[in-house]
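Novice: Input: one structure, supplied below.
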Amino acid sequence: SRSAMIMSFYRRAIPCASLILSTAAAFAPLSPPGVRSIHRSLDQLRKMSTNTDGNTYIDKLALIMINSENKQLVARSYGKKVYYTPGGKREEGESDVDALLRECKEELDVDLLSATKTPATIEPYGTFQAQAYGKPDGTMVRMTCFRVVPREAEIELECLVKPSEEVEELAWIDSTFDQEKLTVTGIMIVEDLMEKKLID
């Protein structure tokens, strides 16, 4: 079936990782093991700390930003070798957008919605799931990703983002970037962006 073929592909390509949702339209028919239904709302998903497969889940938000050269923004914390997609966890009472805005202000020193001349909004991109980097086996990260739209506003942000005090380096990467320097979810995001021809 289409579901089995897609999940088999990701198991071969990235051990211990599974793609929960890339886009609502493309993956609506899927129902991966351990998830009762792909039609479950994101609000329901994010409230789950454990799943029927016995794994523990960490819910995070992330910003996918692509510059004018079709490269994706990633960040690296002090003392770390691996780059990650900017973002973080929700605080109690925060909406997804509020949490993403706060995390990006803290990490990228920019307000995504007020920094650009072009009026900007936040748009869902997709959700990815994989073994959490640096965590015990069975601790999974579920990363809900967003983009800034329209494209004109996203390109404006390219010149405005900068590493905050808690980030040592920002980098713009394409498909040739060393995957050993990315988290598993980071690899999944790059491959998804490549498939959609959003990065080179």
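Chain labels follow the order of the structure tokens: the first chain is A, the next B, and so on; residue numbering restarts at 1 in every chain, and ligands are counted from 1 in their shown order.
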Taking 3 positions as the minimum chain separation for residues in the same chain, which residues sit within 8 Å of stretch 142-153 of chain A when counting only C-alpha atoms? Answer as a list in words.
Specialist: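 Counting only C-alpha atoms, the residues come to Tyr57, Ile58, Asp59, Lys60, Leu61, Ala62, Leu63, Ile64, Met65, Leu112, Thr116, Lys117, Thr118, Pro119, Ala120, Thr121, Ile122, Glu123, Pro124, Tyr125, Gly126, Thr127, Phe128, Gln129, Ala130, Glu156, Leu157 and Thr185 of chain A.
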Novice: Neighbours of A:Ala132 within 6 Å (only C-alpha atoms; same-chain residues fewer than 4 positions away dropped), as a list in words?
Specialist: Thr139, Met140 and Val141 of chain A
Novice: Considering only strand (DSSP E) as DSSP defines it on the backbone, what residues of stretch 78-180 of chain A qualify? List them as a PyMOL selection string.
Specialist: chain A and resi 87-88+121-131+139-149+167-173
Novice: As an exercise, work out the distance from atom CA of A:Tyr83 to atom CA of A:Val190 in Å and give it to one decimal place.
Specialist: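 Spanning atom CA of A:Tyr83 to atom CA of A:Val190 is a straight-line distance of 12.1 Å.
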